[in-house]
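So this block is query.cif, mmCIF, C-alpha atoms and all ligand atoms:
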```
data_target
loop_
_atom_site.label_atom_id
_atom_site.label_comp_id
_atom_site.auth_asym_id
_atom_site.auth_seq_id
_atom_site.Cartn_x
_atom_site.Cartn_y
_atom_site.Cartn_z
CA MET C 134 25.21 -9.45 -56.74
CA GLU C 135 26.81 -10.54 -53.47
CA ILE C 136 29.96 -8.48 -53.03
CA GLU C 137 32.87 -10.00 -51.17
CA THR C 138 35.84 -8.04 -52.47
CA LEU C 139 36.52 -4.84 -54.31
CA SER C 140 39.91 -4.58 -56.01
CA ILE C 141 41.53 -1.62 -57.70
CA LEU C 142 44.34 -2.49 -60.09
CA GLY C 143 46.88 0.28 -60.55
CA GLY C 144 47.22 2.10 -63.85
CA ARG C 145 49.07 5.34 -64.53
CA GLY C 146 49.55 8.59 -62.65
CA ARG C 147 48.99 12.01 -64.13
CA GLN C 148 52.30 12.05 -66.00
CA GLY C 149 51.71 8.59 -67.38
CA GLN C 150 54.04 6.96 -64.84
CA ASP C 151 53.15 3.48 -63.54
CA GLU C 152 51.44 3.63 -60.18
CA PRO C 153 53.71 2.55 -57.31
CA VAL C 154 50.80 0.61 -55.78
CA ALA C 155 49.80 -2.14 -58.17
CA ARG C 156 46.71 -3.37 -56.36
CA VAL C 157 44.35 -2.56 -53.50
CA ASP C 158 42.02 -5.27 -52.21
CA LEU C 159 39.15 -4.39 -49.91
CA ARG C 160 36.99 -7.02 -48.27
CA MET C 161 33.35 -6.55 -47.34
CA GLY C 162 33.19 -4.70 -44.02
CA GLU C 163 36.46 -2.86 -44.52
CA VAL C 164 36.95 0.87 -44.43
CA ALA C 165 39.57 2.64 -46.56
CA SER C 166 40.56 6.28 -46.47
CA ILE C 167 42.17 8.19 -49.31
CA VAL C 168 44.62 10.89 -48.30
CA GLY C 169 46.90 13.28 -50.18
CA PRO C 170 47.20 16.95 -51.05
CA THR C 171 44.76 18.82 -53.27
CA GLY C 172 45.21 17.81 -56.88
CA SER C 173 46.82 14.47 -56.00
CA GLY C 174 44.05 12.42 -57.63
CA LYS C 175 41.77 11.49 -54.73
CA THR C 176 38.55 12.34 -56.54
CA GLU C 177 39.76 10.61 -59.70
CA PHE C 178 40.40 7.46 -57.64
CA ILE C 179 36.92 7.52 -56.07
CA ASN C 180 35.35 8.18 -59.47
CA ASP C 181 37.20 5.21 -60.95
CA ILE C 182 35.50 3.01 -58.36
CA GLU C 183 32.11 4.58 -59.02
CA ARG C 184 32.43 3.98 -62.77
CA PHE C 185 33.95 0.50 -62.34
CA ALA C 186 36.86 1.63 -64.45
CA ASN C 187 38.08 -0.98 -66.88
CA SER C 188 41.13 0.62 -68.51
CA ASN C 189 38.73 3.19 -69.95
CA THR C 190 39.44 6.22 -67.72
CA PRO C 191 42.41 8.64 -67.72
CA SER C 192 44.17 6.58 -65.02
CA GLY C 193 43.90 3.29 -66.90
CA ARG C 194 42.88 1.59 -63.63
CA ARG C 195 40.73 -1.49 -63.46
CA VAL C 196 38.16 -2.19 -60.79
CA LEU C 197 37.17 -5.76 -60.01
CA VAL C 198 34.32 -7.06 -57.89
CA ASN C 199 34.91 -10.55 -56.51
CA GLY C 200 37.90 -10.71 -58.82
CA SER C 201 36.09 -9.95 -62.09
CA PRO C 202 35.14 -6.84 -64.07
CA VAL C 203 31.58 -5.67 -63.42
CA PRO C 204 28.98 -6.44 -66.12
CA GLU C 205 27.70 -3.40 -68.03
CA GLU C 206 24.09 -4.06 -66.92
CA SER C 207 24.89 -3.35 -63.28
CA ILE C 208 26.58 -0.09 -64.18
CA GLY C 209 23.77 1.21 -66.36
CA ASP C 210 20.86 0.30 -64.11
CA PRO C 211 20.65 2.54 -61.04
CA SER C 212 18.55 0.03 -59.10
CA ARG C 213 21.29 -2.61 -59.51
CA ASN C 214 24.30 -0.36 -59.13
CA PRO C 215 26.00 -1.42 -55.88
CA VAL C 216 27.77 1.93 -55.41
CA ALA C 217 26.59 5.11 -53.73
CA LEU C 218 28.82 8.16 -54.18
CA ILE C 219 28.27 11.17 -51.95
CA THR C 220 30.17 14.39 -52.65
CA GLN C 221 30.01 17.98 -51.48
CA HIS C 222 27.64 18.61 -54.35
CA THR C 223 25.28 15.73 -53.63
CA ASN C 224 21.99 17.06 -52.38
CA PHE C 225 18.36 16.18 -52.05
CA LEU C 226 16.58 18.28 -54.63
CA SER C 227 13.22 18.25 -52.98
CA ASP C 228 11.09 20.41 -50.78
CA LEU C 229 8.92 17.49 -49.70
CA PRO C 230 8.72 16.80 -45.98
CA VAL C 231 11.44 14.38 -44.81
CA ARG C 232 8.94 11.59 -44.08
CA GLU C 233 7.34 11.83 -47.52
CA PHE C 234 10.63 11.98 -49.38
CA LEU C 235 12.01 8.92 -47.59
CA ARG C 236 8.74 7.06 -48.07
CA ILE C 237 8.84 7.61 -51.83
CA HIS C 238 12.50 6.62 -52.05
CA SER C 239 11.85 3.44 -50.01
CA GLU C 240 8.98 2.49 -52.26
CA ILE C 241 11.02 2.92 -55.42
CA ARG C 242 14.08 1.23 -54.06
CA ARG C 243 12.72 -1.54 -51.85
CA GLY C 244 8.92 -1.68 -52.15
CA ALA C 245 8.38 -3.37 -48.77
CA ASP C 246 8.62 -2.44 -45.09
CA VAL C 247 8.43 1.19 -46.08
CA ALA C 248 7.44 2.61 -42.71
CA SER C 249 10.18 0.68 -40.95
CA LEU C 250 12.82 1.74 -43.50
CA VAL C 251 11.86 5.38 -43.08
CA ARG C 252 12.09 5.09 -39.32
CA GLN C 253 15.45 3.31 -39.44
CA THR C 254 16.84 5.90 -41.83
CA VAL C 255 15.94 8.81 -39.59
CA GLU C 256 17.19 7.00 -36.49
CA PHE C 257 20.47 6.30 -38.25
CA ALA C 258 20.77 9.94 -39.37
CA ASN C 259 20.00 11.16 -35.86
CA GLU C 260 22.80 9.06 -34.46
CA LEU C 261 25.16 10.76 -36.90
CA THR C 262 24.11 14.30 -36.21
CA GLY C 263 23.63 16.10 -32.95
CA GLU C 264 20.55 17.96 -34.17
CA ALA C 265 17.56 15.61 -34.35
CA ILE C 266 15.70 15.67 -37.67
CA ASP C 267 12.04 16.63 -37.63
CA MET C 268 10.24 14.22 -40.01
CA GLU C 269 7.67 16.85 -40.89
CA SER C 270 10.11 19.57 -41.89
CA ALA C 271 10.93 20.12 -45.56
CA MET C 272 14.09 18.49 -46.93
CA THR C 273 15.27 21.92 -48.01
CA GLU C 274 15.03 23.21 -44.44
CA LEU C 275 17.54 20.74 -43.02
CA SER C 276 20.86 22.12 -41.82
CA GLY C 277 24.12 21.13 -43.54
CA GLY C 278 24.92 18.56 -40.84
CA GLN C 279 21.41 17.10 -40.96
CA THR C 280 21.49 16.89 -44.76
CA ARG C 281 24.85 15.09 -44.79
CA ALA C 282 23.67 12.69 -42.07
CA LEU C 283 20.49 11.96 -43.99
CA LEU C 284 22.38 11.43 -47.27
CA ILE C 285 24.58 8.82 -45.65
CA ALA C 286 21.67 7.17 -43.83
CA ASP C 287 19.61 7.11 -47.02
CA ALA C 288 22.43 5.47 -48.99
CA VAL C 289 23.04 2.88 -46.26
CA VAL C 290 19.49 2.01 -45.17
CA ILE C 291 17.18 2.68 -48.11
CA GLY C 292 19.70 2.51 -50.96
CA ASN C 293 21.22 -0.53 -49.23
CA SER C 294 24.35 0.07 -51.32
CA PRO C 295 27.13 -2.36 -50.41
CA ILE C 296 29.80 0.11 -51.52
CA ILE C 297 29.68 3.65 -50.19
CA LEU C 298 32.06 6.35 -51.39
CA LEU C 299 32.38 9.73 -49.69
CA ASP C 300 34.41 12.45 -51.37
CA GLU C 301 35.43 15.10 -48.86
CA ILE C 302 32.06 15.73 -47.44
CA GLU C 303 32.42 18.21 -44.65
CA ASN C 304 32.08 16.57 -41.29
CA ALA C 305 30.78 19.60 -39.44
CA GLY C 306 27.64 18.50 -37.62
CA ILE C 307 28.50 14.80 -38.03
CA HIS C 308 29.61 12.66 -35.13
CA ARG C 309 32.83 11.32 -36.63
CA THR C 310 33.69 8.24 -34.63
CA ARG C 311 30.07 7.21 -34.27
CA ALA C 312 29.63 7.42 -38.04
CA LEU C 313 32.34 4.84 -38.62
CA ASP C 314 31.07 2.59 -35.83
CA LEU C 315 27.61 2.66 -37.37
CA LEU C 316 28.89 2.03 -40.87
CA ARG C 317 30.97 -0.89 -39.67
CA ARG C 318 27.89 -2.43 -38.14
CA HIS C 319 26.16 -2.29 -41.50
CA ARG C 320 28.89 -4.24 -43.27
CA LYS C 321 29.72 -2.09 -46.25
CA ILE C 322 32.87 -1.42 -48.16
CA PHE C 323 33.36 2.17 -47.26
CA VAL C 324 35.91 4.36 -49.08
CA PHE C 325 36.27 7.97 -48.16
CA VAL C 326 38.40 10.96 -48.94
CA THR C 327 39.00 13.10 -45.92
CA HIS C 328 41.12 15.94 -44.65
CA ASP C 329 40.38 14.97 -41.07
CA PRO C 330 43.39 13.01 -39.78
CA ARG C 331 41.40 11.49 -36.96
CA ILE C 332 38.91 9.97 -39.36
CA ALA C 333 41.72 8.79 -41.64
CA LEU C 334 43.22 6.89 -38.71
CA LEU C 335 39.96 5.11 -38.00
CA SER C 336 40.09 3.25 -41.30
CA ASP C 337 41.56 -0.22 -41.89
CA VAL C 338 43.85 1.01 -44.64
CA ARG C 339 45.02 4.36 -45.99
CA VAL C 340 45.74 4.90 -49.65
CA VAL C 341 48.21 7.76 -50.09
CA MET C 342 47.83 9.65 -53.37
CA ARG C 343 50.45 11.76 -55.10
CA ASN C 344 50.62 13.09 -58.65
CA GLY C 345 47.51 11.22 -59.69
CA ALA C 346 48.96 7.89 -58.54
CA MET C 347 48.47 5.53 -55.62
CA GLN C 348 51.76 6.12 -53.89
CA LYS C 349 51.53 3.97 -50.81
CA LEU C 350 49.22 1.63 -48.98
CA ILE C 351 49.34 1.86 -45.21
CA PRO C 352 47.50 -0.91 -43.38
CA LYS C 353 46.43 -0.30 -39.82
CA ASP C 354 48.64 -2.58 -37.73
CA ALA C 355 48.81 -2.87 -33.95
CA ARG C 356 51.21 0.07 -33.67
CA GLU C 357 49.01 2.36 -35.75
CA ARG C 358 46.02 1.25 -33.75
CA ARG C 359 47.75 2.41 -30.55
CA VAL C 360 48.61 5.74 -32.15
CA ALA C 361 45.02 6.14 -33.34
CA ASP C 362 43.71 5.37 -29.85
CA ALA C 363 46.04 7.87 -28.20
CA LEU C 364 45.25 10.61 -30.74
CA SER C 365 41.59 9.94 -30.36
CA ARG C 366 41.83 10.37 -26.58
CA LEU C 367 43.83 13.57 -27.04
CA ASP C 368 41.16 14.83 -29.40
CA ASP C 369 38.52 14.03 -26.77
CA ILE C 370 40.43 16.20 -24.32
CA ILE C 371 40.50 19.07 -26.81
CA LEU C 372 36.75 18.73 -27.35
CA GLU C 373 36.20 18.64 -23.60
CA TYR C 374 38.24 21.83 -23.19
CA ARG C 375 36.40 23.60 -25.98
CA ALA C 376 33.18 22.84 -24.13
CA LYS C 377 34.63 24.10 -20.84
CA ILE C 378 35.80 27.33 -22.46
CA ARG C 379 32.48 27.83 -24.16
CA ALA C 380 30.67 27.26 -20.85
CA GLY C 381 32.83 29.91 -19.17
CA GLU C 382 34.55 27.49 -16.80
CA PRO C 383 37.90 28.47 -15.30
CA LEU C 384 40.77 26.21 -16.46
CA ASP C 385 43.39 24.52 -14.35
CA ASP C 386 46.75 23.27 -15.62
CA THR C 387 47.04 20.63 -12.89
CA VAL C 388 43.77 19.06 -13.96
CA LEU C 389 44.84 19.19 -17.60
CA GLY C 390 48.21 17.66 -16.68
CA GLU C 391 46.46 14.74 -15.00
CA ARG C 392 44.20 14.17 -17.98
CA LEU C 393 47.19 14.20 -20.36
CA THR C 394 49.14 11.81 -18.16
CA SER C 395 46.24 9.40 -18.10
CA VAL C 396 46.23 9.41 -21.91
CA LEU C 397 49.97 8.80 -22.07
CA LEU C 398 49.86 6.00 -19.52
CA ALA C 399 46.85 4.20 -20.94
CA ASP C 400 47.49 1.25 -23.21
CA GLY C 401 51.20 0.83 -22.47
CA GLY C 402 52.04 4.14 -24.15
CA GLY C 403 55.14 4.41 -21.91
CA ARG C 404 56.77 1.29 -23.33
N1 LIG C 501 45.86 8.98 -62.88
C1 LIG C 501 45.48 10.12 -63.51
N2 LIG C 501 45.60 10.23 -64.85
C2 LIG C 501 45.22 11.36 -65.49
N3 LIG C 501 44.68 12.43 -64.87
C3 LIG C 501 44.53 12.38 -63.54
C4 LIG C 501 44.91 11.23 -62.79
N4 LIG C 501 44.63 11.44 -61.48
C5 LIG C 501 44.12 12.68 -61.42
N5 LIG C 501 44.05 13.25 -62.65
C6 LIG C 501 43.55 14.61 -62.95
O1 LIG C 501 44.24 15.52 -62.10
C7 LIG C 501 43.36 16.51 -61.62
C8 LIG C 501 43.35 16.53 -60.08
O2 LIG C 501 42.85 15.29 -59.61
P1 LIG C 501 41.71 15.18 -58.50
O3 LIG C 501 41.31 13.77 -58.45
O4 LIG C 501 40.63 16.18 -58.72
O5 LIG C 501 42.56 15.58 -57.19
P2 LIG C 501 42.08 15.74 -55.67
O6 LIG C 501 40.68 15.19 -55.56
O7 LIG C 501 43.09 14.98 -54.87
O8 LIG C 501 42.14 17.20 -55.36
C9 LIG C 501 42.01 16.23 -62.22
O9 LIG C 501 41.84 17.01 -63.37
C10 LIG C 501 42.09 14.76 -62.58
O10 LIG C 501 41.23 14.41 -63.64
MG MG C 502 38.88 16.08 -54.89
#
```

Mind turning this structure into structure tokens?
Ligand SMILES: Nc1ncnc2c1ncn2[C@@H]1O[C@H](COP(=O)(O)OP(=O)(O)O)[C@@H](O)[C@H]1O
Ligand SMILES: [Mg+2]
Amino acid sequence: MEIETLSILGGRGRQGQDEPVARVDLRMGEVASIVGPTGSGKTEFINDIERFANSNTPSGRRVLVNGSPVPEESIGDPSRNPVALITQHTNFLSDLPVREFLRIHSEIRRGADVASLVRQTVEFANELTGEAIDMESAMTELSGGQTRALLIADAVVIGNSPIILLDEIENAGIHRTRALDLLRRHRKIFVFVTHDPRIALLSDVRVVMRNGAMQKLIPKDARERRVADALSRLDDIILEYRAKIRAGEPLDDTVLGERLTSVLLADGGGR
């Protein structure tokens, strides 16, 4: 099934109220983030997408692919299901070596080009995480960051899932901006729940949840893009300073002042 659009039609919030947002349309290649306090319905929203809700979940939402409900066959058959959902609890339950595990998964899922798929998957994962993965080490020996990177890489490269959902997976050990760059290159619809405001700002649209309902839809316009750029540069400065402090370097407020000014002046921020 060639996926061009994914639409979520609003249903009801937790108290049965109509959702303020009646419809969300995502096109192939777009990235959406889901934000809102704990208990606001973020996981429920992601799960509705994963199940291709059709007025049959507590929210009463409907999910359409290319404008139509998804046929039952695609939902029941894992090899045809276009969605990969990764949560904090998703894990590889295997103590096989990385190479062997990925080889088996590639064979089941794709059947051809196995060696190349395995290589691409590990390369992709290594771009996401700072700690390179040793193909001969056991899956169970990977660090948290390596495991999360490999889960995402596996879903993208071997699973080849056109729709990838991430529910608050910790981003420790994951290179945040690079992850989104990479995912964009692979042309997926990517929907993620995050507590990291910098990641939320990298998406094309933010869905704001409250009380189990889609409260607001905030598209990323030119103004938001400038804010995101500035915050991202500020964050880079913070990271740079953490590294300096860790390395035992003395700090200098004049140097910091110059760096901050350059961020404020870049991109017409003074207008
Ligand atoms: N639209 C809804 N209708 C009915 N129950 C909902 C709805 N949205 C969320 N819930 C329920 O509210 C609780 C909290 O939602 P959850 O999605 O886990 O929040 P979050 O992931 O934002 O912390 C869950 O028990 C969930 O099933
Ligand atoms: Mg949740």

- request: Kindly provide, as number ranges by chain, all nucleotide and amino acid residues lying within 9 Å of ligand MG 502 (chain C), counting all atoms listed in the file.
  value: C: 171-177, 179, 300-301, 326

message: Ranking C:Leu384, C:Leu299, C:Leu398, C:Ala248 by minimum distance to ligand LIG 501 (chain C) and counting all atoms listed in the file, which one comes first?
response: C:Leu299

Each residue of chain C lying at most 12 Å from ligand LIG 501 (chain C) should get a row with its shortest atom-to-atom pair and the distance in Å to one decimal, counting only C-alpha atoms and all ligand atoms; could you produce that, ordered by chain and increasing number, as a tab-separated table?
```
residue	atom	partner	partner_atom	distance
C:Leu142	CA	C:LIG501	N1	11.9
C:Gly143	CA	C:LIG501	N1	9.1
C:Gly144	CA	C:LIG501	N1	7.1
C:Arg145	CA	C:LIG501	N1	5.1
C:Gly146	CA	C:LIG501	N1	3.7
C:Arg147	CA	C:LIG501	N2	3.9
C:Gln148	CA	C:LIG501	N2	7.0
C:Gly149	CA	C:LIG501	N2	6.8
C:Gln150	CA	C:LIG501	N1	8.7
C:Asp151	CA	C:LIG501	N1	9.2
C:Glu152	CA	C:LIG501	N1	8.2
C:Pro153	CA	C:LIG501	N1	11.6
C:Ile167	CA	C:LIG501	O7	8.8
C:Val168	CA	C:LIG501	O7	7.9
C:Gly169	CA	C:LIG501	O7	6.3
C:Pro170	CA	C:LIG501	O7	5.9
C:Thr171	CA	C:LIG501	O8	3.7
C:Gly172	CA	C:LIG501	O5	3.5
C:Ser173	CA	C:LIG501	O7	3.9
C:Gly174	CA	C:LIG501	O3	3.2
C:Lys175	CA	C:LIG501	O7	3.7
C:Thr176	CA	C:LIG501	O3	3.6
C:Glu177	CA	C:LIG501	O3	3.7
C:Phe178	CA	C:LIG501	O3	6.4
C:Ile179	CA	C:LIG501	O3	8.0
C:Asn180	CA	C:LIG501	O3	8.2
C:Asp181	CA	C:LIG501	N1	9.6
C:Ala186	CA	C:LIG501	N1	11.7
C:Ser188	CA	C:LIG501	N1	11.1
C:Asn189	CA	C:LIG501	N2	11.1
C:Thr190	CA	C:LIG501	N2	7.9
C:Pro191	CA	C:LIG501	C2	4.5
C:Ser192	CA	C:LIG501	N1	3.6
C:Gly193	CA	C:LIG501	N1	7.2
C:Arg194	CA	C:LIG501	N1	8.0
C:Arg195	CA	C:LIG501	N1	11.7
C:Thr220	CA	C:LIG501	O6	10.9
C:Gln221	CA	C:LIG501	O6	11.8
C:Leu299	CA	C:LIG501	O6	11.5
C:Asp300	CA	C:LIG501	O6	8.0
C:Glu301	CA	C:LIG501	O6	8.5
C:Ile302	CA	C:LIG501	O6	11.9
C:Phe325	CA	C:LIG501	O6	11.2
C:Val326	CA	C:LIG501	O6	8.2
C:Thr327	CA	C:LIG501	O6	10.0
C:His328	CA	C:LIG501	O7	10.5
C:Val340	CA	C:LIG501	O7	11.7
C:Val341	CA	C:LIG501	O7	10.1
C:Met342	CA	C:LIG501	O7	7.3
C:Arg343	CA	C:LIG501	O7	8.0
C:Asn344	CA	C:LIG501	N4	6.8
C:Gly345	CA	C:LIG501	N4	3.4
C:Ala346	CA	C:LIG501	N1	5.4
C:Met347	CA	C:LIG501	N1	8.5
C:Gln348	CA	C:LIG501	N1	11.1
```

query: Between CA of Ala399 (chain C) and CA of His308 (chain C), what is the distance, to one decimal in Å?
result: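 The value is 23.9 Å.
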
statement: Across C:Val231, C:Ile307, C:Ala165, C:Ala288, the smallest distance to Glu274 (chain C), with only C-alpha atoms counted, is shown by C:Val231

field: C:Val324, C:Ala333, C:Leu250, C:Val198 ranked by distance to Asp287 (chain C), top pick (using only C-alpha atoms)
entry: C:Leu250

Per-axis box centre and lengths in Å around region 389-398 of chain C, 6 Å margin per side, axis-aligned, as AutoDock Vina command-line options:
```
--center_x 47.1 --center_y 12.6 --center_z -18.5 --size_x 17.8 --size_y 25.2 --size_z 19.1
```

task: Quote the spacing between CA of Asp158 (chain C) and CA of Leu315 (chain C) in Å to one decimal place.
output: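 Interatomic distance here is 22.2 Å.
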
- prompt: Neighbours of Leu316 (chain C) within 10 Å (all atoms listed in the file; same-chain residues fewer than 3 positions away dropped), as a PyMOL selection string?
  reply: chain C and resi 162-164+257+285-286+289+297+311-313+319-323

- prompt: Separation of CA of Asp228 (chain C) and CA of Leu298 (chain C), in Å?
  reply: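 Interatomic distance, CA of Asp228 (chain C) to CA of Leu298 (chain C): 25.3 Å.
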
message: Please determine, counting only C-alpha atoms, which residue among C:Ala271, C:Glu373, C:Glu206, C:Leu367 has the shortest atom-to-atom distance to Leu229 (chain C).
response: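 The shortest atom-to-atom distance to Leu229 (chain C) comes from C:Ala271.
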
message: From the options C:Asp337, C:Val203, C:Leu235, C:Thr254, which residue's atoms come nearest to Val290 (chain C), counting all atoms listed in the file?
response: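 Residue with the minimum atom-to-atom distance to Val290 (chain C): C:Thr254.
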
field: Which of C:Val396, C:Leu275, C:Ile208, C:Val154 sits closest to Ser227 (chain C) [using all atoms listed in the file]
entry: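 Among C:Val396, C:Leu275, C:Ile208, C:Val154, it is C:Leu275 that comes nearest to Ser227 (chain C).
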
query: Can you find the residues with an atom no farther than 8 Å from (37.1, -7.9, -58.7), counting all atoms listed in the file, and report them as a PyMOL selection string?
result: chain C and resi 138-141+196-203

task: Within 10 Å of Leu334 (chain C), counting only C-alpha atoms, which residues show up once you throw out same-chain ones fewer than 2 positions away? Write them as an MDAnalysis selection string, please.
output: chainID C and resid 165:166 329:332 336:339 353 357:358 360:362 364:365
